[in-house]
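Visitor: This one is model-v7.csv, CSV, C-alpha atoms.
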```
chain,number,residue,atom,x,y,z
X,643,GLY,CA,-7.4,-30.3,-8.2
X,644,GLY,CA,-4.1,-28.6,-8.7
X,645,MET,CA,-3.5,-24.9,-8.3
X,646,SER,CA,-6.6,-23.0,-9.4
X,647,VAL,CA,-6.3,-19.9,-11.4
X,648,VAL,CA,-8.1,-16.9,-9.9
X,649,LYS,CA,-9.5,-14.1,-12.0
X,650,LEU,CA,-9.5,-10.7,-10.4
X,651,LYS,CA,-11.5,-7.8,-11.9
X,652,SER,CA,-10.5,-4.2,-11.1
X,653,SER,CA,-13.0,-1.4,-10.6
X,654,ASP,CA,-12.4,-0.2,-14.1
X,655,GLY,CA,-13.0,-3.6,-15.7
X,656,HIS,CA,-9.5,-5.0,-16.2
X,657,GLU,CA,-9.2,-8.7,-15.6
X,658,PHE,CA,-6.1,-10.4,-14.2
X,659,GLU,CA,-5.4,-14.1,-13.8
X,660,VAL,CA,-3.2,-15.2,-10.9
X,661,SER,CA,-2.5,-18.4,-9.2
X,662,GLU,CA,-4.4,-19.2,-6.1
X,663,SER,CA,-1.3,-18.8,-3.9
X,664,VAL,CA,-0.8,-15.3,-5.2
X,665,ALA,CA,-4.5,-14.5,-4.7
X,666,ASN,CA,-4.3,-15.8,-1.2
X,667,MET,CA,-1.8,-13.2,-0.1
X,668,SER,CA,-4.9,-11.0,0.1
X,669,GLU,CA,-7.1,-12.1,3.1
X,670,THR,CA,-10.0,-10.3,1.4
X,671,ILE,CA,-9.7,-12.3,-1.8
X,672,LYS,CA,-9.0,-15.5,0.1
X,673,ASN,CA,-12.2,-15.1,2.0
X,674,MET,CA,-14.2,-14.3,-1.2
X,675,ILE,CA,-12.8,-17.4,-3.0
X,676,GLU,CA,-13.7,-19.5,0.0
X,677,ASP,CA,-17.3,-18.3,-0.3
X,678,THR,CA,-17.7,-18.3,-4.1
X,679,GLY,CA,-15.0,-20.5,-5.6
X,680,THR,CA,-12.8,-19.6,-8.5
X,681,GLU,CA,-15.1,-19.9,-11.4
X,682,MET,CA,-16.2,-16.3,-11.4
X,683,ALA,CA,-13.9,-13.3,-11.5
X,684,VAL,CA,-13.5,-11.7,-8.1
X,685,PRO,CA,-14.8,-8.1,-8.4
X,686,LEU,CA,-12.6,-5.6,-6.6
X,687,HIS,CA,-14.7,-2.5,-6.5
X,688,ASN,CA,-12.1,-0.3,-4.8
X,689,VAL,CA,-9.0,-1.0,-6.8
X,690,THR,CA,-8.2,0.2,-10.3
X,691,GLY,CA,-6.4,-1.9,-12.9
X,692,LYS,CA,-3.3,0.3,-12.6
X,693,THR,CA,-3.0,-0.3,-8.8
X,694,LEU,CA,-4.1,-3.9,-9.0
X,695,SER,CA,-1.3,-4.7,-11.4
X,696,LYS,CA,1.2,-3.3,-8.9
X,697,VAL,CA,-0.3,-5.2,-6.0
X,698,ILE,CA,-0.3,-8.4,-8.1
X,699,GLU,CA,3.4,-7.8,-9.0
X,700,TYR,CA,4.1,-7.5,-5.3
X,701,CYS,CA,2.2,-10.7,-4.3
X,702,LYS,CA,3.7,-12.7,-7.2
X,703,HIS,CA,7.2,-11.7,-6.2
X,704,HIS,CA,6.6,-12.5,-2.6
X,705,VAL,CA,5.2,-15.9,-3.4
X,706,GLU,CA,8.0,-16.8,-5.9
X,707,ALA,CA,10.8,-15.2,-4.0
X,708,LYS,CA,10.1,-16.9,-0.7
X,709,GLU,CA,11.9,-20.0,-2.1
X,710,SER,CA,14.7,-18.4,-4.0
X,711,GLU,CA,15.7,-15.1,-2.3
X,712,GLY,CA,17.4,-14.2,0.9
X,713,GLN,CA,16.0,-11.6,3.3
X,714,GLU,CA,18.4,-9.0,2.0
X,715,GLU,CA,17.3,-9.4,-1.6
X,716,MET,CA,13.6,-9.4,-0.6
X,717,GLN,CA,14.1,-6.2,1.3
X,718,SER,CA,15.9,-4.4,-1.4
X,719,TRP,CA,13.2,-5.4,-3.9
X,720,ASP,CA,10.6,-4.1,-1.5
X,721,ARG,CA,12.3,-0.8,-1.1
X,722,GLU,CA,12.6,-0.5,-4.9
X,723,PHE,CA,9.0,-1.5,-5.2
X,724,VAL,CA,7.6,1.4,-3.1
X,725,THR,CA,9.9,4.0,-4.6
X,726,VAL,CA,7.0,5.4,-6.6
X,727,ASP,CA,5.2,8.7,-6.9
X,728,GLN,CA,2.9,9.7,-4.1
X,729,SER,CA,-0.4,9.1,-5.7
X,730,THR,CA,0.7,5.5,-6.6
X,731,LEU,CA,1.9,5.0,-3.1
X,732,PHE,CA,-1.4,6.2,-1.6
X,733,ASP,CA,-3.4,4.1,-4.0
X,734,MET,CA,-1.3,1.1,-3.0
X,735,ILE,CA,-1.9,1.8,0.7
X,736,LEU,CA,-5.6,2.0,0.1
X,737,ALA,CA,-5.6,-1.2,-2.0
X,738,ALA,CA,-3.4,-3.1,0.6
X,739,ASN,CA,-5.8,-2.0,3.3
X,740,TYR,CA,-8.9,-3.0,1.3
X,741,LEU,CA,-7.4,-6.3,0.2
X,742,ASN,CA,-6.0,-6.9,3.6
X,743,ILE,CA,-2.4,-7.7,2.6
X,744,LYS,CA,-0.6,-7.0,5.8
X,745,GLU,CA,3.0,-7.1,4.5
X,746,LEU,CA,2.2,-4.7,1.7
X,747,LEU,CA,0.3,-2.3,4.0
X,748,ASP,CA,3.3,-2.3,6.4
X,749,LEU,CA,5.7,-1.7,3.6
X,750,THR,CA,3.8,1.2,2.0
X,751,CYS,CA,3.1,2.8,5.4
X,752,GLU,CA,6.7,2.6,6.4
X,753,ARG,CA,7.6,4.3,3.1
X,754,VAL,CA,5.3,7.2,3.9
X,755,ALA,CA,6.8,7.4,7.4
X,756,SER,CA,10.3,7.6,6.0
X,757,MET,CA,9.2,10.4,3.7
X,758,ILE,CA,7.9,12.3,6.8
X,759,LYS,CA,10.7,11.5,9.2
X,760,GLY,CA,12.7,14.6,10.3
X,761,LYS,CA,10.6,17.0,8.3
X,762,THR,CA,8.8,20.1,9.7
X,763,PRO,CA,5.0,20.3,9.4
X,764,GLU,CA,5.7,22.8,6.6
X,765,GLU,CA,7.9,20.4,4.7
X,766,ILE,CA,5.4,17.6,5.2
X,767,ARG,CA,2.7,19.7,3.7
X,768,LYS,CA,4.9,20.5,0.7
X,769,THR,CA,5.8,16.8,0.3
X,770,PHE,CA,2.2,15.7,0.3
X,771,ASN,CA,0.7,18.8,-1.2
X,772,ILE,CA,-1.5,19.4,1.8
X,773,LYS,CA,-3.2,22.7,2.1
X,774,ASN,CA,-2.7,24.4,5.4
X,775,ASP,CA,-6.0,25.7,6.8
X,776,PHE,CA,-4.7,26.6,10.3
X,777,THR,CA,-4.2,30.1,11.5
X,778,PRO,CA,-0.7,30.7,13.0
X,779,GLU,CA,-2.3,30.5,16.4
X,780,GLU,CA,-3.9,27.1,15.8
X,781,GLU,CA,-0.7,26.0,14.2
X,782,GLU,CA,1.2,26.9,17.4
X,783,GLN,CA,-1.4,25.0,19.5
X,784,VAL,CA,-1.1,21.9,17.4
X,785,ARG,CA,2.6,22.1,17.6
X,786,LYS,CA,2.5,22.3,21.4
X,787,GLU,CA,0.1,19.4,21.7
X,788,ASN,CA,2.2,17.2,19.4
X,789,GLN,CA,5.6,18.3,20.6
X,790,TRP,CA,6.7,14.7,21.0
X,791,ALA,CA,6.2,14.1,17.3
X,792,PHE,CA,8.7,16.7,16.3
X,793,GLU,CA,11.5,15.9,18.7
```
Output the file's structure as structure tokens, nothing else.
Guide:
Amino acid sequence: GGMSVVKLKSSDGHEFEVSESVANMSETIKNMIEDTGTEMAVPLHNVTGKTLSKVIEYCKHHVEAKESEGQEEMQSWDREFVTVDQSTLFDMILAANYLNIKELLDLTCERVASMIKGKTPEEIRKTFNIKNDFTPEEEEQVRKENQWAFE
């Protein structure tokens, strides 16, 4: 038949309908569909509706924009897309990883890297709200061992 519609079901019970080409951006979903067909909704136990809708937005845009947009436009859309608050960003990283969407995983991880770039460990902790459990001595040790990372 023509393009099938694939139903995706988030961990909190939201259902989304997407075209098969959009669904296939996710290796995980692609493999599930190959096994079970597209009659049933594909259950995504690790992804909430909020995150799934973002991921779908990304996949849709990439499927549709491949024809119509140049590299520049795509990249600026991508940059815009990952300019989100941290918890959303981390949720998208986890989802991209679970759904095996390499381009999205690369994009979201690059975004985190750019947030860290040039910051001291102290600033990184502030950025990501990480509690510091090290003593100053341990801290110094870690810093020595990872000197290369802060050069």
Visitor: What's around X:Lys773 at 10 Å? Count all atoms listed in the file, leave out sequence neighbours fewer than 5 positions away in its own chain, and write the answer as a list in words.
Guide: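 Within the cut-off, the hits are Glu764, Arg767 and Lys768 of chain X.
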Visitor: Could you take the residues named above and write them with C-alpha atoms, as a PDB file, keeping the file's coordinate frame?
Guide:
```pdb
ATOM      1  CA  GLU X 764       5.700  22.800   6.600  1.00  0.00           C
ATOM      2  CA  ARG X 767       2.700  19.700   3.700  1.00  0.00           C
ATOM      3  CA  LYS X 768       4.900  20.500   0.700  1.00  0.00           C
TER       4      LYS X 768
END
```
Visitor: Atom CA of X:Glu681 to atom CA of X:Asn739: how many Å, to one decimal?
Guide: 25.0 Å
Visitor: What is the distance between atom CA of X:Asn688 and atom CA of X:Glu722, in Å to one decimal?
Guide: 24.7 Å
Visitor: As a PyMOL selection string, please: the residues near X:Leu746 (cut-off 10 Å, all atoms listed in the file, same-chain neighbours under 2 positions excluded).
Guide: chain X and resi 667-668+697+700-701+704+720+724+734-735+737-739+741-744+748-752
Visitor: Using all atoms listed in the file, which of the listed residues (X:Ile698, X:Val647, X:Leu736, X:Met716) sits closest to X:Ala683?
Guide: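 With all atoms listed in the file as the atom set, the closest residue is X:Val647.
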Visitor: Of the residues X:Ser695, X:Gln728, X:Thr670, X:Thr762, which is the one nearest to X:Gln789, using only C-alpha atoms?
Guide: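 Among X:Ser695, X:Gln728, X:Thr670, X:Thr762, it is X:Thr762 that comes nearest to X:Gln789.
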Visitor: I'd like the contact shell of X:Val648 - 9 Å cut-off, only C-alpha atoms, skipping same-chain residues fewer than 2 positions apart - returned as a list in words.
Guide: Ser646, Leu650, Phe658, Glu659, Val660, Ser661, Glu662, Val664, Ala665, Ile675, Gly679, Thr680, Glu681, Met682, Ala683 and Val684 of chain X
Visitor: Rounded to one decimal in Å, what is the spacing between atom CA of X:Glu657 and atom CA of X:Lys708?
Guide: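 Straight-line distance from atom CA of X:Glu657 to atom CA of X:Lys708 works out to 25.7 Å.
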Visitor: So, counting only C-alpha atoms, which residue among X:Glu676, X:Glu779, X:Glu706, X:Glu699 is closest to X:Ser663?
Guide: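 Closest candidate: X:Glu706.
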Visitor: Could you tell me which of X:Ser718, X:Thr725, X:Gln713, X:Thr730 comes closest to X:Lys696 if we count all atoms listed in the file?
Guide: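 So, comparing all the options, the nearest one is X:Thr730.
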Visitor: Have a look at X:Asp654, X:Glu787, X:Glu780, X:Asp775 and name the one nearest to X:Leu686; count only C-alpha atoms.
Guide: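 That would be X:Asp654, the residue with the smallest distance to X:Leu686.
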Visitor: Can you work out which one of X:Thr690, X:Ser652, X:Ser756, X:Thr769 has the shortest atom-to-atom distance to X:Arg721, counting only C-alpha atoms?
Guide: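 Ranked by minimum distance to X:Arg721, first place goes to X:Ser756.
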Visitor: Put the listed atoms of stretch 723-741 of chain X in a box along x, y and z with 4 Å added on every side and give me the centre and edge lengths in Å to one decimal, as lines of an AutoDock Vina configuration file.
Guide:
```
center_x = 0.5
center_y = 1.7
center_z = -1.8
size_x = 26.8
size_y = 24.0
size_z = 18.2
```
